[in-house]
Amino acid sequence: MSDSNSGLQLRTLLKKSGELELSLVNVPTPDPADDEVVVRVEATPINPSDLGLLIGPADMSTAKESGSKDAPVVTAKMPDTAMRMMAARLDQSLPAGNEGAGVVIRTGSSDAAKALMGKTVSMIGGAMYTQYRTIRVRDVMELPEGTTPADGASWFVNPLTALGMTETMRRENHKALVHTAAASNLGQMLNKICIKDGIGLVNIVRSKEQADILHNIGAKYIVDSTAPTFMDDLTNALVETGATIAFDAIGGGKLASQILTSMEMAANKTAKEYSRYGSNVYKQVYIYGSLDNRPTELSRAFGLTWGVGGWLLTPFLQKIGPAEIGRLRQRVASELKTTFASHYTRVVSLQETLQLSNIAVYNKRSTGEKFLINPNKS
C-alpha cells in the first residue's frame, strides 16, 4: 500500500503496433492548489462510457495476462478498422474512470477546500481509477451525512443523464418519452424519476427478466423488442402515453427506425385528416449509446417530420448552464439512496479489475452486472 504522496493508477495505452495495453502505474499525487483537495478514492464505477476509453473496440478474445499479481498487465489486439478512428490516442498512456467518491485527506488553503477536510465526497473529472485524486473543489460534491463512498460513486453520469433526458423532453416540447435498454441502472433511475414526476415512460427491453426488474419498481409501460407483437405493443404504449421523443442506448440496427415508425402509426391513429407526407407530429430519436456497433438502419416509413441525432451529457450540461446544473446536482444529492441508488454485483481492487475473468463479465455490459472499483481495497 502506498502513502498518499503517490499511488497506483490504471492506464490504457494503444500502441501504434495495434496492441492495447492495460496496466497499473505508480504516479505522484500532485499537491493541492488553493482551491483543490486530495481525495482517497474508495469507490468508482465501471460505466459503458468508461469502457469506451478503457477497452474500446479491442478484440478481447485475443487478450493475454502478464506481469505479477500486484502489477498485472493485459494486452489485446485492436482491429485494423478501429486503428484509423483511434489515430489521435496512439502511443499515449491515458488514465480512465469518469466519476467516483472517497474521503478528503489533504486540502488547499481556500476556505471552501478546508471545509471539506475529512469529508466523504463525490467527484467528476476523469482519472478516477486511481488511489489518490487531486481535484478542484467545484468538481466535488460533499455527500450527505451517513452516505458511504459506494452510495455516492455513481452520482454523476447515470443520474444526470437520466435527469437530462426528462429536461430535454420538456425543453423540446414533448410530454412523454421512450427509453431502450431500459432495465439498466440508468433505466431504473429514469423510471423512478418519471414515476415521481408523473411523466409517461415507455420502456423497451429485450427479455422477460429485464421486464420483471422494471415491473418490480412500478414501471407501467414495458415492451419486449424480441416479442412477435413488438410493433403493435409499442404503438399502443405510444398512443396511451403520447411519447414523441426517444433515447436509444442501442444505436445500431433497426430499433431507432422501428420507434419512429411506431410513433408515426400512433400519430396517425389520432390524426384528424390524411396527409401524403405523413403526420405533422414531430418525432425525435436521440442515440446516446452504442450497445450495437452496427450501422443505424432507417426504413423511411414515418413521414417527413422527424429527427435522429446524438445526445451526450456534457454538451447538454454546457447548454443549460451552471445554475441549472446546480439544481440537478442538488436533486441527486437529496435522492442518492432512493431515486438514484445504484446496485453493484462486485467490488474489485485495481488489480482485480485487470483479471481476464472479470473483464469478460463487465465488458459484456449486461444488465445486472455492474462492477465497482475500490482502488484502496487491500
# chains A, B, ... in the order shown; residues from 1 in each chain; ligands from 1
>>> residues_around(residues="Ile204 of chain A", least_positions_apart="3", cutoff="10 Å", atoms="only C-alpha atoms", output="list of chain:residue names")
A:Val178, A:His179, A:Thr180, A:Ala181, A:Ala182, A:Ala183, A:Gly187, A:Leu201, A:Ser207, A:Gln210, A:Ala211, A:Tyr221, A:Ile222, A:Val223, A:Asp224, A:Ser225, A:Thr226, A:Phe230, A:Leu234, A:Asp248, A:Leu255, A:Ile259
>>> write_last_selection(atoms="C-alpha atoms", output="mmCIF file, in the first residue's frame")
data_model
loop_
_atom_site.group_PDB
_atom_site.id
_atom_site.type_symbol
_atom_site.label_atom_id
_atom_site.label_comp_id
_atom_site.auth_asym_id
_atom_site.auth_seq_id
_atom_site.Cartn_x
_atom_site.Cartn_y
_atom_site.Cartn_z
ATOM 1 C CA VAL A 178 -39.246 6.218 -24.770
ATOM 2 C CA HIS A 179 -36.080 4.554 -23.448
ATOM 3 C CA THR A 180 -34.240 1.492 -24.774
ATOM 4 C CA ALA A 181 -32.065 -0.964 -22.826
ATOM 5 C CA ALA A 182 -34.490 0.193 -20.180
ATOM 6 C CA ALA A 183 -33.638 -2.199 -17.332
ATOM 7 C CA GLY A 187 -33.079 2.953 -16.951
ATOM 8 C CA LEU A 201 -42.273 6.488 -19.978
ATOM 9 C CA SER A 207 -36.124 -10.209 -22.191
ATOM 10 C CA GLN A 210 -35.482 -7.289 -17.763
ATOM 11 C CA ALA A 211 -39.232 -6.627 -17.843
ATOM 12 C CA TYR A 221 -45.321 0.620 -19.954
ATOM 13 C CA ILE A 222 -42.849 -2.151 -20.819
ATOM 14 C CA VAL A 223 -42.467 -3.680 -24.292
ATOM 15 C CA ASP A 224 -40.139 -6.504 -25.342
ATOM 16 C CA SER A 225 -38.342 -5.928 -28.648
ATOM 17 C CA THR A 226 -37.917 -9.699 -29.115
ATOM 18 C CA PHE A 230 -43.402 -5.759 -30.540
ATOM 19 C CA LEU A 234 -45.013 -0.288 -28.837
ATOM 20 C CA ASP A 248 -31.711 4.945 -27.562
ATOM 21 C CA LEU A 255 -34.577 -0.136 -33.408
ATOM 22 C CA ILE A 259 -39.514 3.542 -32.800
#
>>> residues_around(residues="Pro144 of chain A", least_positions_apart="4", cutoff="10 Å", atoms="only C-alpha atoms", output="number ranges by chain")
A: 119-121, 148, 152, 333-334, 336
>>> write_last_selection(atoms="all heavy atoms", output="short mmCIF file (atom, residue, chain, number, x, y, z; two decimals), in the first residue's frame")
data_model
loop_
_atom_site.label_atom_id
_atom_site.label_comp_id
_atom_site.auth_asym_id
_atom_site.auth_seq_id
_atom_site.Cartn_x
_atom_site.Cartn_y
_atom_site.Cartn_z
N LYS A 119 -14.14 14.97 4.88
CA LYS A 119 -15.50 14.71 4.41
C LYS A 119 -15.51 13.64 3.31
O LYS A 119 -14.55 13.46 2.57
CB LYS A 119 -16.11 16.00 3.83
CG LYS A 119 -16.30 17.12 4.86
CD LYS A 119 -17.44 16.81 5.79
CE LYS A 119 -18.04 17.97 6.53
NZ LYS A 119 -17.24 18.88 7.23
N THR A 120 -16.63 12.93 3.21
CA THR A 120 -16.86 12.00 2.10
C THR A 120 -17.47 12.78 0.95
O THR A 120 -18.47 13.50 1.13
CB THR A 120 -17.82 10.87 2.54
OG1 THR A 120 -17.23 10.19 3.66
CG2 THR A 120 -18.04 9.86 1.43
N VAL A 121 -16.86 12.67 -0.23
CA VAL A 121 -17.29 13.48 -1.38
C VAL A 121 -17.41 12.61 -2.63
O VAL A 121 -16.77 11.56 -2.76
CB VAL A 121 -16.29 14.63 -1.69
CG1 VAL A 121 -16.22 15.62 -0.53
CG2 VAL A 121 -14.89 14.10 -2.03
N THR A 148 -22.06 6.55 2.21
CA THR A 148 -20.74 5.96 2.01
C THR A 148 -20.22 6.31 0.61
O THR A 148 -20.99 6.71 -0.26
CB THR A 148 -20.81 4.42 2.11
OG1 THR A 148 -21.59 3.93 1.00
CG2 THR A 148 -21.44 3.97 3.42
N GLY A 152 -22.26 7.01 -3.12
CA GLY A 152 -22.13 8.23 -3.92
C GLY A 152 -21.27 8.10 -5.16
O GLY A 152 -21.08 9.07 -5.89
N ALA A 333 -28.18 14.74 -4.94
CA ALA A 333 -27.66 14.61 -3.57
C ALA A 333 -28.77 14.23 -2.60
O ALA A 333 -28.59 13.39 -1.72
CB ALA A 333 -27.00 15.91 -3.13
N SER A 334 -29.94 14.83 -2.78
CA SER A 334 -31.02 14.59 -1.81
C SER A 334 -31.73 13.26 -2.04
O SER A 334 -32.44 12.77 -1.16
CB SER A 334 -32.03 15.74 -1.84
OG SER A 334 -32.63 15.82 -3.12
N LEU A 336 -30.01 10.36 -3.31
CA LEU A 336 -28.97 9.39 -3.64
C LEU A 336 -29.32 7.97 -3.22
O LEU A 336 -28.93 7.01 -3.87
CB LEU A 336 -27.65 9.78 -2.96
CG LEU A 336 -26.55 10.36 -3.84
CD1 LEU A 336 -25.30 10.62 -3.03
CD2 LEU A 336 -26.23 9.46 -5.03
#
>>> residues_around(residues="Pro295 of chain A", least_positions_apart="4", cutoff="9 Å", atoms="only C-alpha atoms", output="count of residues only")
4
>>> residues_around(residues="Asn5 of chain A", least_positions_apart="3", cutoff="9 Å", atoms="only C-alpha atoms", output="JSON, numbers by chain")
{"A": [2, 27, 28, 29, 30, 31, 132]}
>>> residues_around(residues="segment 309-321 of chain A", least_positions_apart="2", cutoff="7 Å", atoms="only C-alpha atoms", output="count of residues only")
9
>>> residues_around(residues="segment 348-365 of chain A", least_positions_apart="3", cutoff="10 Å", atoms="only C-alpha atoms", output="ChimeraX atom specification")
/A:8-10,22-24,42-44,46-48,51-52,54-56,60-61,63-65,68-74,129-131,184,291,345,368-378
>>> residues_around(residues="segment 113-115 of chain A", least_positions_apart="4", cutoff="10 Å", atoms="only C-alpha atoms", output="NGL selection string")
:A and (32-38 or 104 or 106-109 or 119 or 136-138 or 142)
>>> atom_distance(atom1="atom CA of Thr166 of chain A", atom2="atom CA of Ile193 of chain A")
8.4 Å
>>> select_by_dssp(residues="segment 208-334 of chain A", states="helix (DSSP H, G or I)", output="ChimeraX atom specification")
/A:208-216,230-241,255-269,313-320,322-334
>>> select_by_dssp(residues="segment 156-309 of chain A", states="strand (DSSP E)", output="MDAnalysis selection string")
chainID A and resid 176:180 200:205 221:224 245:248 251:253 283:287 292:296 306:309
>>> write_last_selection(atoms="C-alpha atoms", output="PDB file, in the first residue's frame")
ATOM      1  CA  ALA A 176     -43.579  11.641 -22.594  1.00  0.00           C
ATOM      2  CA  LEU A 177     -40.570   9.592 -23.633  1.00  0.00           C
ATOM      3  CA  VAL A 178     -39.246   6.218 -24.770  1.00  0.00           C
ATOM      4  CA  HIS A 179     -36.080   4.554 -23.448  1.00  0.00           C
ATOM      5  CA  THR A 180     -34.240   1.492 -24.774  1.00  0.00           C
ATOM      6  CA  GLY A 200     -45.171   8.844 -19.182  1.00  0.00           C
ATOM      7  CA  LEU A 201     -42.273   6.488 -19.978  1.00  0.00           C
ATOM      8  CA  VAL A 202     -42.268   3.623 -22.483  1.00  0.00           C
ATOM      9  CA  ASN A 203     -39.557   1.085 -21.624  1.00  0.00           C
ATOM     10  CA  ILE A 204     -38.109  -1.144 -24.362  1.00  0.00           C
ATOM     11  CA  VAL A 205     -36.379  -4.283 -23.041  1.00  0.00           C
ATOM     12  CA  TYR A 221     -45.321   0.620 -19.954  1.00  0.00           C
ATOM     13  CA  ILE A 222     -42.849  -2.151 -20.819  1.00  0.00           C
ATOM     14  CA  VAL A 223     -42.467  -3.680 -24.292  1.00  0.00           C
ATOM     15  CA  ASP A 224     -40.139  -6.504 -25.342  1.00  0.00           C
ATOM     16  CA  ILE A 245     -39.112  11.539 -28.092  1.00  0.00           C
ATOM     17  CA  ALA A 246     -36.863   8.512 -27.518  1.00  0.00           C
ATOM     18  CA  PHE A 247     -33.416   7.964 -26.035  1.00  0.00           C
ATOM     19  CA  ASP A 248     -31.711   4.945 -27.562  1.00  0.00           C
ATOM     20  CA  GLY A 251     -27.563   2.710 -31.614  1.00  0.00           C
ATOM     21  CA  GLY A 252     -27.085   0.097 -34.330  1.00  0.00           C
ATOM     22  CA  GLY A 253     -29.627  -1.937 -36.278  1.00  0.00           C
ATOM     23  CA  LYS A 283     -40.808  12.630 -33.744  1.00  0.00           C
ATOM     24  CA  GLN A 284     -37.265  12.572 -32.322  1.00  0.00           C
ATOM     25  CA  VAL A 285     -34.856   9.735 -31.532  1.00  0.00           C
ATOM     26  CA  TYR A 286     -31.628  10.603 -29.718  1.00  0.00           C
ATOM     27  CA  ILE A 287     -28.914   7.939 -29.838  1.00  0.00           C
ATOM     28  CA  ASP A 292     -24.910  -2.437 -31.008  1.00  0.00           C
ATOM     29  CA  ASN A 293     -21.948  -1.276 -33.113  1.00  0.00           C
ATOM     30  CA  ARG A 294     -23.623  -1.977 -36.476  1.00  0.00           C
ATOM     31  CA  PRO A 295     -24.818   0.902 -38.718  1.00  0.00           C
ATOM     32  CA  THR A 296     -28.109   2.553 -37.794  1.00  0.00           C
ATOM     33  CA  TRP A 306     -38.718  13.543 -37.625  1.00  0.00           C
ATOM     34  CA  GLY A 307     -35.139  13.733 -36.458  1.00  0.00           C
ATOM     35  CA  VAL A 308     -32.387  11.320 -35.442  1.00  0.00           C
ATOM     36  CA  GLY A 309     -29.392  12.767 -33.614  1.00  0.00           C
TER      37      GLY A 309
END
>>> closest_residue(among="A:Phe340, A:Ser279, A:Ile199, A:Thr244", to="Glu167 of chain A", atoms="only C-alpha atoms")
A:Ile199
